[in-house]
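J.: Sharing input-v8.cif, mmCIF, C-alpha atoms:
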```cif
data_data
#
loop_
_atom_site.group_PDB
_atom_site.id
_atom_site.type_symbol
_atom_site.label_atom_id
_atom_site.label_comp_id
_atom_site.auth_asym_id
_atom_site.auth_seq_id
_atom_site.Cartn_x
_atom_site.Cartn_y
_atom_site.Cartn_z
ATOM 1 C CA MET A 30 53.539 121.014 137.579
ATOM 2 C CA ILE A 31 50.127 121.222 139.182
ATOM 3 C CA PHE A 32 49.373 124.650 140.674
ATOM 4 C CA ILE A 33 46.806 124.665 143.491
ATOM 5 C CA GLU A 34 45.833 128.191 144.526
ATOM 6 C CA THR A 35 45.248 128.662 148.224
ATOM 7 C CA ASN A 36 42.732 131.047 149.788
ATOM 8 C CA LEU A 37 45.578 133.610 150.016
ATOM 9 C CA LYS A 38 45.745 135.305 146.616
ATOM 10 C CA GLY A 39 49.026 134.573 144.861
ATOM 11 C CA ALA A 40 50.070 131.735 147.210
ATOM 12 C CA PHE A 41 50.169 128.305 145.593
ATOM 13 C CA ILE A 42 50.872 124.726 146.582
ATOM 14 C CA ILE A 43 52.758 123.153 143.704
ATOM 15 C CA GLU A 44 52.443 119.420 143.196
ATOM 16 C CA LEU A 45 54.721 117.473 140.899
ATOM 17 C CA ASP A 46 53.196 116.103 137.703
ATOM 18 C CA ARG A 47 55.097 112.828 137.799
ATOM 19 C CA LYS A 48 55.876 110.889 134.625
ATOM 20 C CA THR A 49 56.422 107.367 135.946
ATOM 21 C CA ASP A 50 58.021 104.312 134.362
ATOM 22 C CA GLU A 51 60.111 101.343 135.464
ATOM 23 C CA ARG A 52 63.001 103.660 136.396
ATOM 24 C CA GLY A 53 60.924 105.735 138.779
ATOM 25 C CA PHE A 54 59.578 109.147 137.821
ATOM 26 C CA PHE A 55 60.532 112.452 136.227
ATOM 27 C CA ALA A 56 58.875 115.775 137.025
ATOM 28 C CA ARG A 57 59.503 119.431 136.314
ATOM 29 C CA ALA A 58 60.058 121.341 139.576
ATOM 30 C CA PHE A 59 60.301 124.857 138.115
ATOM 31 C CA CYS A 60 59.461 126.502 134.796
ATOM 32 C CA GLN A 61 59.463 130.263 134.193
ATOM 33 C CA HIS A 62 56.706 129.963 131.592
ATOM 34 C CA GLU A 63 54.368 128.023 133.888
ATOM 35 C CA PHE A 64 54.991 130.400 136.782
ATOM 36 C CA ARG A 65 54.354 133.412 134.544
ATOM 37 C CA ASP A 66 51.137 131.764 133.253
ATOM 38 C CA HIS A 67 49.895 131.782 136.878
ATOM 39 C CA ASP A 68 50.909 135.450 137.366
ATOM 40 C CA LEU A 69 53.754 134.449 139.673
ATOM 41 C CA ARG A 70 57.176 136.028 139.745
ATOM 42 C CA PRO A 71 59.448 133.503 137.969
ATOM 43 C CA VAL A 72 62.713 135.036 139.195
ATOM 44 C CA ILE A 73 65.339 133.198 141.210
ATOM 45 C CA ALA A 74 67.942 135.528 142.688
ATOM 46 C CA GLN A 75 69.286 132.991 145.204
ATOM 47 C CA ALA A 76 68.905 129.328 146.077
ATOM 48 C CA ASN A 77 69.281 128.380 149.737
ATOM 49 C CA ILE A 78 69.320 125.170 151.770
ATOM 50 C CA ALA A 79 68.532 124.827 155.471
ATOM 51 C CA SER A 80 69.310 121.770 157.578
ATOM 52 C CA ASN A 81 67.397 121.160 160.806
ATOM 53 C CA ILE A 82 68.927 118.610 163.157
ATOM 54 C CA ARG A 83 66.089 118.276 165.702
ATOM 55 C CA LYS A 84 62.365 117.957 165.198
ATOM 56 C CA GLY A 85 60.584 120.884 166.761
ATOM 57 C CA THR A 86 63.125 123.336 165.297
ATOM 58 C CA LEU A 87 61.334 126.508 164.274
ATOM 59 C CA ARG A 88 62.479 129.039 161.680
ATOM 60 C CA GLY A 89 60.454 132.205 161.165
ATOM 61 C CA MET A 90 58.424 134.248 160.703
ATOM 62 C CA HIS A 91 60.668 135.929 158.118
ATOM 63 C CA PHE A 92 60.138 138.522 155.371
ATOM 64 C CA GLN A 93 61.955 141.396 153.708
ATOM 65 C CA TYR A 94 60.556 144.924 153.540
ATOM 66 C CA PRO A 95 60.020 146.610 150.155
ATOM 67 C CA PRO A 96 61.773 147.464 147.963
ATOM 68 C CA ALA A 97 63.595 144.177 148.696
ATOM 69 C CA ALA A 98 60.437 142.110 149.294
ATOM 70 C CA GLU A 99 61.039 138.527 148.246
ATOM 71 C CA SER A 100 59.025 135.671 146.847
ATOM 72 C CA LYS A 101 60.023 132.135 147.838
ATOM 73 C CA LEU A 102 59.559 128.643 146.488
ATOM 74 C CA VAL A 103 60.041 126.283 149.439
ATOM 75 C CA ARG A 104 60.386 122.501 149.258
ATOM 76 C CA CYS A 105 61.279 119.920 151.908
ATOM 77 C CA THR A 106 63.894 117.572 150.441
ATOM 78 C CA ARG A 107 64.399 115.345 153.495
ATOM 79 C CA GLY A 108 62.129 114.808 156.496
ATOM 80 C CA ALA A 109 58.998 116.916 156.979
ATOM 81 C CA ILE A 110 57.961 120.455 157.899
ATOM 82 C CA LEU A 111 54.816 122.354 158.675
ATOM 83 C CA ASP A 112 55.180 125.527 156.614
ATOM 84 C CA ILE A 113 53.088 128.580 157.538
ATOM 85 C CA ILE A 114 52.700 131.815 155.593
ATOM 86 C CA VAL A 115 50.904 135.021 156.650
ATOM 87 C CA ASP A 116 49.571 137.672 154.261
ATOM 88 C CA LEU A 117 51.126 141.015 155.289
ATOM 89 C CA ARG A 118 49.543 143.093 152.497
ATOM 90 C CA PRO A 119 47.228 145.614 154.232
ATOM 91 C CA GLU A 120 45.352 146.192 150.962
ATOM 92 C CA SER A 121 44.584 142.470 150.623
ATOM 93 C CA ALA A 122 41.196 140.952 151.472
ATOM 94 C CA THR A 123 43.143 138.231 153.329
ATOM 95 C CA TYR A 124 45.396 140.574 155.347
ATOM 96 C CA LEU A 125 46.823 138.704 158.373
ATOM 97 C CA GLU A 126 45.225 135.414 157.333
ATOM 98 C CA HIS A 127 47.511 132.415 157.133
ATOM 99 C CA ILE A 128 47.715 128.920 155.753
ATOM 100 C CA SER A 129 49.754 125.955 156.875
ATOM 101 C CA VAL A 130 50.935 123.176 154.580
ATOM 102 C CA GLU A 131 52.890 120.026 155.314
ATOM 103 C CA LEU A 132 55.821 119.645 152.963
ATOM 104 C CA ASN A 133 57.766 116.400 153.156
ATOM 105 C CA GLU A 134 60.149 114.161 151.282
ATOM 106 C CA ASP A 135 57.286 111.871 150.267
ATOM 107 C CA ASN A 136 54.801 114.373 148.797
ATOM 108 C CA MET A 137 57.627 116.502 147.296
ATOM 109 C CA ARG A 138 55.235 119.440 147.054
ATOM 110 C CA ALA A 139 56.423 123.022 147.135
ATOM 111 C CA LEU A 140 54.868 126.194 148.494
ATOM 112 C CA TYR A 141 55.082 129.425 146.520
ATOM 113 C CA VAL A 142 55.235 132.352 148.958
ATOM 114 C CA PRO A 143 54.433 135.719 147.341
ATOM 115 C CA GLU A 144 56.204 138.961 148.171
ATOM 116 C CA ARG A 145 55.040 140.695 151.371
ATOM 117 C CA PHE A 146 54.198 137.464 153.172
ATOM 118 C CA ALA A 147 55.803 136.288 156.409
ATOM 119 C CA HIS A 148 57.144 132.744 156.174
ATOM 120 C CA GLY A 149 58.179 130.194 158.753
ATOM 121 C CA TYR A 150 58.210 126.489 159.386
ATOM 122 C CA GLN A 151 58.716 123.830 162.024
ATOM 123 C CA ALA A 152 60.651 120.608 161.445
ATOM 124 C CA LEU A 153 58.401 117.610 162.127
ATOM 125 C CA ARG A 154 61.222 115.058 161.999
ATOM 126 C CA ASP A 155 64.879 114.960 163.001
ATOM 127 C CA ASN A 156 67.350 115.656 160.172
ATOM 128 C CA THR A 157 64.994 117.664 157.989
ATOM 129 C CA ASP A 158 66.294 119.684 155.037
ATOM 130 C CA THR A 159 64.586 122.401 153.030
ATOM 131 C CA SER A 160 65.412 124.103 149.769
ATOM 132 C CA TYR A 161 64.389 127.669 148.917
ATOM 133 C CA GLN A 162 64.487 129.487 145.619
ATOM 134 C CA VAL A 163 64.214 133.172 146.477
ATOM 135 C CA GLY A 164 63.146 135.982 144.138
ATOM 136 C CA GLU A 165 65.273 138.730 145.704
ATOM 137 C CA PHE A 166 68.780 138.892 147.092
ATOM 138 C CA TYR A 167 69.193 138.720 150.846
ATOM 139 C CA THR A 168 69.223 142.328 152.037
ATOM 140 C CA PRO A 169 70.085 142.536 155.758
ATOM 141 C CA GLN A 170 68.866 146.142 156.144
ATOM 142 C CA ALA A 171 65.449 145.086 154.729
ATOM 143 C CA GLU A 172 65.130 141.996 156.926
ATOM 144 C CA GLY A 173 61.998 141.696 159.020
ATOM 145 C CA GLY A 174 60.202 139.153 161.092
ATOM 146 C CA LEU A 175 57.331 138.504 163.451
ATOM 147 C CA ARG A 176 57.146 136.379 166.568
ATOM 148 C CA HIS A 177 56.087 132.806 165.875
ATOM 149 C CA ASP A 178 53.896 132.892 168.986
ATOM 150 C CA ASP A 179 52.191 136.261 168.403
ATOM 151 C CA PRO A 180 48.629 135.722 169.696
ATOM 152 C CA ARG A 181 47.255 138.085 167.053
ATOM 153 C CA LEU A 182 48.553 135.835 164.274
ATOM 154 C CA GLY A 183 47.077 132.706 165.897
ATOM 155 C CA LEU A 184 49.607 130.300 164.417
ATOM 156 C CA ASN A 185 49.347 126.692 165.579
ATOM 157 C CA TRP A 186 52.635 124.827 165.681
ATOM 158 C CA PRO A 187 52.227 121.054 166.075
ATOM 159 C CA LEU A 188 55.229 120.452 168.350
ATOM 160 C CA PRO A 189 56.832 122.242 171.269
ATOM 161 C CA VAL A 190 59.621 124.470 169.974
ATOM 162 C CA SER A 191 62.878 122.587 170.622
ATOM 163 C CA VAL A 192 65.260 124.986 168.858
ATOM 164 C CA ILE A 193 64.821 128.593 167.693
ATOM 165 C CA SER A 194 67.460 131.206 166.960
ATOM 166 C CA SER A 195 67.881 134.131 169.323
ATOM 167 C CA LYS A 196 67.134 136.443 166.373
ATOM 168 C CA ASP A 197 63.806 134.705 165.655
ATOM 169 C CA ARG A 198 62.911 134.688 169.355
ATOM 170 C CA ALA A 199 63.546 138.461 169.539
ATOM 171 C CA PHE A 200 61.224 139.442 166.677
ATOM 172 C CA HIS A 201 58.522 141.920 167.669
ATOM 173 C CA LEU A 202 54.814 141.323 168.033
ATOM 174 C CA LEU A 203 52.760 142.549 165.096
ATOM 175 C CA HIS A 204 51.196 145.490 166.955
ATOM 176 C CA GLU A 205 54.711 146.866 167.596
ATOM 177 C CA VAL A 206 55.682 146.956 163.895
ATOM 178 C CA GLU A 207 52.388 146.923 161.983
ATOM 179 C CA ASP A 208 52.835 150.475 160.665
ATOM 180 C CA GLU A 209 56.163 149.438 159.103
ATOM 181 C CA VAL A 210 54.888 146.276 157.408
#
```
Translate this structure into structure tokens?
T.:
Amino acid sequence: MIFIETNLKGAFIIELDRKTDERGFFARAFCQHEFRDHDLRPVIAQANIASNIRKGTLRGMHFQYPPAAESKLVRCTRGAILDIIVDLRPESATYLEHISVELNEDNMRALYVPERFAHGYQALRDNTDTSYQVGEFYTPQAEGGLRHDDPRLGLNWPLPVSVISSKDRAFHLLHEVEDEV
């Protein structure tokens, strides 16, 4: 695996280190030792899959409050997404900064999302699937989220939102929950 650190401390884009021959290629997609060597949390409590029928579908911006804060390893296995993460650690030099990364079935890259980051993505193609390995169990009472269109976050989504859940649409603006994050 090739770990590319982003400007948000602890957040990495992970490229496959492909070993190619006449059959195609082989690549390691996860290794506890390599994650630990990069000071990442190499724990998988759950593995999840999301299917997005229509391009423009938006999921996010999700997180879990401590003590159930979760890390995520997100990969697009079919189609394409624009994945955005926001640093919610008030003690961080990059507090409220974000990055966006295109993950798609061709580049096969993954995004490692550290604990205490908000995460969301938009499907760029119809019939897009994502896979998540999550470092903490889903804890409904610790579930949190921010509005995808919060002007303070300044997130730029490439397509009009075609589908979004009522739960995601009802998330609060940051200024309404900032003391809790």
J.: What does the PyMOL selection byres ((chain A and resi 198) around 12) select in this file, as a JSON list (two decimals) with C-alpha atoms, in the frame of the given file?
T.:
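Once written, part_30.json looks like this:
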```json
[["chain", "number", "residue", "atom", "x", "y", "z"],
["A", 87, "LEU", "CA", 61.33, 126.51, 164.27],
["A", 88, "ARG", "CA", 62.48, 129.04, 161.68],
["A", 89, "GLY", "CA", 60.45, 132.21, 161.16],
["A", 90, "MET", "CA", 58.42, 134.25, 160.70],
["A", 91, "HIS", "CA", 60.67, 135.93, 158.12],
["A", 174, "GLY", "CA", 60.20, 139.15, 161.09],
["A", 175, "LEU", "CA", 57.33, 138.50, 163.45],
["A", 176, "ARG", "CA", 57.15, 136.38, 166.57],
["A", 177, "HIS", "CA", 56.09, 132.81, 165.88],
["A", 178, "ASP", "CA", 53.90, 132.89, 168.99],
["A", 179, "ASP", "CA", 52.19, 136.26, 168.40],
["A", 190, "VAL", "CA", 59.62, 124.47, 169.97],
["A", 192, "VAL", "CA", 65.26, 124.99, 168.86],
["A", 193, "ILE", "CA", 64.82, 128.59, 167.69],
["A", 194, "SER", "CA", 67.46, 131.21, 166.96],
["A", 195, "SER", "CA", 67.88, 134.13, 169.32],
["A", 196, "LYS", "CA", 67.13, 136.44, 166.37],
["A", 197, "ASP", "CA", 63.81, 134.71, 165.66],
["A", 199, "ALA", "CA", 63.55, 138.46, 169.54],
["A", 200, "PHE", "CA", 61.22, 139.44, 166.68],
["A", 201, "HIS", "CA", 58.52, 141.92, 167.67],
["A", 202, "LEU", "CA", 54.81, 141.32, 168.03]]
```
J.: I'd like the residues picked by the PyMOL selection byres ((chain A and resi 173) around 7) written out as a count of residues only, using the chain letters and numbers from the file.
T.: 7
J.: Ranking A:Thr106, A:Thr49, A:Leu140, A:Arg57 by minimum distance to Ile33 of chain A and counting only C-alpha atoms, which one comes first?
T.: A:Leu140
J.: Counting all atoms listed in the file, figure out which residue out of A:Glu63, A:Asp208, A:Asp68, A:Asp112 gets nearest to Arg138 of chain A.
T.: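 Smallest separation from Arg138 of chain A among the options: A:Asp112.
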J.: Apply the PyMOL selection byres ((chain A and resi 83) around 10) to the displayed file and report the matching residues as a PyMOL selection string.
T.: chain A and resi 80-82+84-87+151-157+190-192
J.: Create the file for the chosen residues now, containing C-alpha atoms and written as a PDB file, in the frame of the given file.
T.:
```
ATOM      1  CA  SER A  80      69.310 121.770 157.578  1.00  0.00           C
ATOM      2  CA  ASN A  81      67.397 121.160 160.806  1.00  0.00           C
ATOM      3  CA  ILE A  82      68.927 118.610 163.157  1.00  0.00           C
ATOM      4  CA  LYS A  84      62.365 117.957 165.198  1.00  0.00           C
ATOM      5  CA  GLY A  85      60.584 120.884 166.761  1.00  0.00           C
ATOM      6  CA  THR A  86      63.125 123.336 165.297  1.00  0.00           C
ATOM      7  CA  LEU A  87      61.334 126.508 164.274  1.00  0.00           C
ATOM      8  CA  GLN A 151      58.716 123.830 162.024  1.00  0.00           C
ATOM      9  CA  ALA A 152      60.651 120.608 161.445  1.00  0.00           C
ATOM     10  CA  LEU A 153      58.401 117.610 162.127  1.00  0.00           C
ATOM     11  CA  ARG A 154      61.222 115.058 161.999  1.00  0.00           C
ATOM     12  CA  ASP A 155      64.879 114.960 163.001  1.00  0.00           C
ATOM     13  CA  ASN A 156      67.350 115.656 160.172  1.00  0.00           C
ATOM     14  CA  THR A 157      64.994 117.664 157.989  1.00  0.00           C
ATOM     15  CA  VAL A 190      59.621 124.470 169.974  1.00  0.00           C
ATOM     16  CA  SER A 191      62.878 122.587 170.622  1.00  0.00           C
ATOM     17  CA  VAL A 192      65.260 124.986 168.858  1.00  0.00           C
TER      18      VAL A 192
END
```
J.: Write out as AutoDock Vina command-line options an axis-aligned box for segment 60-69 of chain A: all of its atoms listed in the file, 4 Å added on each side, centre and edge lengths in Å with one decimal.
T.:
```
--center_x 54.7 --center_y 131.0 --center_z 135.6 --size_x 17.6 --size_y 16.9 --size_z 16.1
```
J.: Restricting the calculation to all atoms listed in the file, which member of A:Ile31, A:Ile113, A:Ala98, A:Ile128 is positioned closest to Ile43 of chain A?
T.: A:Ile31
J.: Would you mind telling me which residue in A:Ala76, A:Met137, A:Leu125, A:Met30 lies nearest to Asp46 of chain A when using all atoms listed in the file?
T.: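 Closest to Asp46 of chain A of all the choices is A:Met30.
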J.: What does the structure give for the distance between atom CA of Glu131 of chain A and atom CA of Ala109 of chain A, in Å to one decimal?
T.: 7.1 Å
J.: Which is closer to Gln61 of chain A than all the others in A:Leu182, A:Ile73, A:Ala139, A:Cys105, using all atoms listed in the file?
T.: A:Ile73
J.: Give me the residues near Val115 of chain A as a list in words, where near means some atom within 7 Å (using all atoms listed in the file) and where sequence neighbours in that chain fewer than 3 positions away do not count.
T.: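 The neighbour list is Leu125, Glu126, His127, Ile128, Phe146, Ala147 and His148 of chain A.
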J.: Distance atom CA of Ile114 of chain A-atom CA of Tyr161 of chain A, one decimal place?
T.: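 Rounded to one decimal, the two atoms are 14.1 Å apart.
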J.: Supply segment 133-152 of chain A as a compact mmCIF listing (two decimals), in the frame of the given file, with N, CA and C atoms built in where the input has gaps.
T.:
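Final output, saved to out31.txt:
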```txt
# COMPACT_ATOMS: atom_id res chain seq x y z
N ASN A 133 56.90 117.48 152.70
CA ASN A 133 57.77 116.40 153.16
C ASN A 133 58.43 115.70 151.99
N GLU A 134 59.38 114.85 152.31
CA GLU A 134 60.15 114.16 151.28
C GLU A 134 59.29 113.21 150.47
N ASP A 135 58.15 112.80 150.99
CA ASP A 135 57.29 111.87 150.27
C ASP A 135 56.37 112.59 149.27
N ASN A 136 55.72 113.68 149.72
CA ASN A 136 54.80 114.37 148.80
C ASN A 136 55.54 115.29 147.83
N MET A 137 56.76 115.68 148.15
CA MET A 137 57.63 116.50 147.30
C MET A 137 56.96 117.79 146.81
N ARG A 138 55.90 118.20 147.48
CA ARG A 138 55.24 119.44 147.05
C ARG A 138 56.06 120.64 147.47
N ALA A 139 55.77 121.76 146.82
CA ALA A 139 56.42 123.02 147.14
C ALA A 139 55.35 124.04 147.49
N LEU A 140 55.76 125.09 148.17
CA LEU A 140 54.87 126.19 148.49
C LEU A 140 55.47 127.46 147.90
N TYR A 141 54.66 128.14 147.06
CA TYR A 141 55.08 129.43 146.52
C TYR A 141 54.59 130.51 147.46
N VAL A 142 55.52 131.29 148.00
CA VAL A 142 55.24 132.35 148.96
C VAL A 142 55.40 133.69 148.22
N PRO A 143 54.32 134.44 148.04
CA PRO A 143 54.43 135.72 147.34
C PRO A 143 55.20 136.76 148.15
N GLU A 144 55.59 137.82 147.49
CA GLU A 144 56.20 138.96 148.17
C GLU A 144 55.23 139.51 149.21
N ARG A 145 55.78 140.06 150.30
CA ARG A 145 55.04 140.70 151.37
C ARG A 145 54.21 139.69 152.18
N PHE A 146 54.75 138.49 152.29
CA PHE A 146 54.20 137.46 153.17
C PHE A 146 55.27 137.11 154.19
N ALA A 147 54.88 136.85 155.43
CA ALA A 147 55.80 136.29 156.41
C ALA A 147 55.82 134.78 156.21
N HIS A 148 56.98 134.17 156.41
CA HIS A 148 57.14 132.74 156.17
C HIS A 148 57.91 132.12 157.33
N GLY A 149 57.45 130.95 157.75
CA GLY A 149 58.18 130.19 158.75
C GLY A 149 57.77 128.74 158.72
N TYR A 150 58.57 127.91 159.34
CA TYR A 150 58.21 126.49 159.39
C TYR A 150 58.80 125.83 160.62
N GLN A 151 58.22 124.65 160.93
CA GLN A 151 58.72 123.83 162.02
C GLN A 151 59.06 122.45 161.48
N ALA A 152 60.24 121.95 161.84
CA ALA A 152 60.65 120.61 161.44
C ALA A 152 59.83 119.59 162.22
```
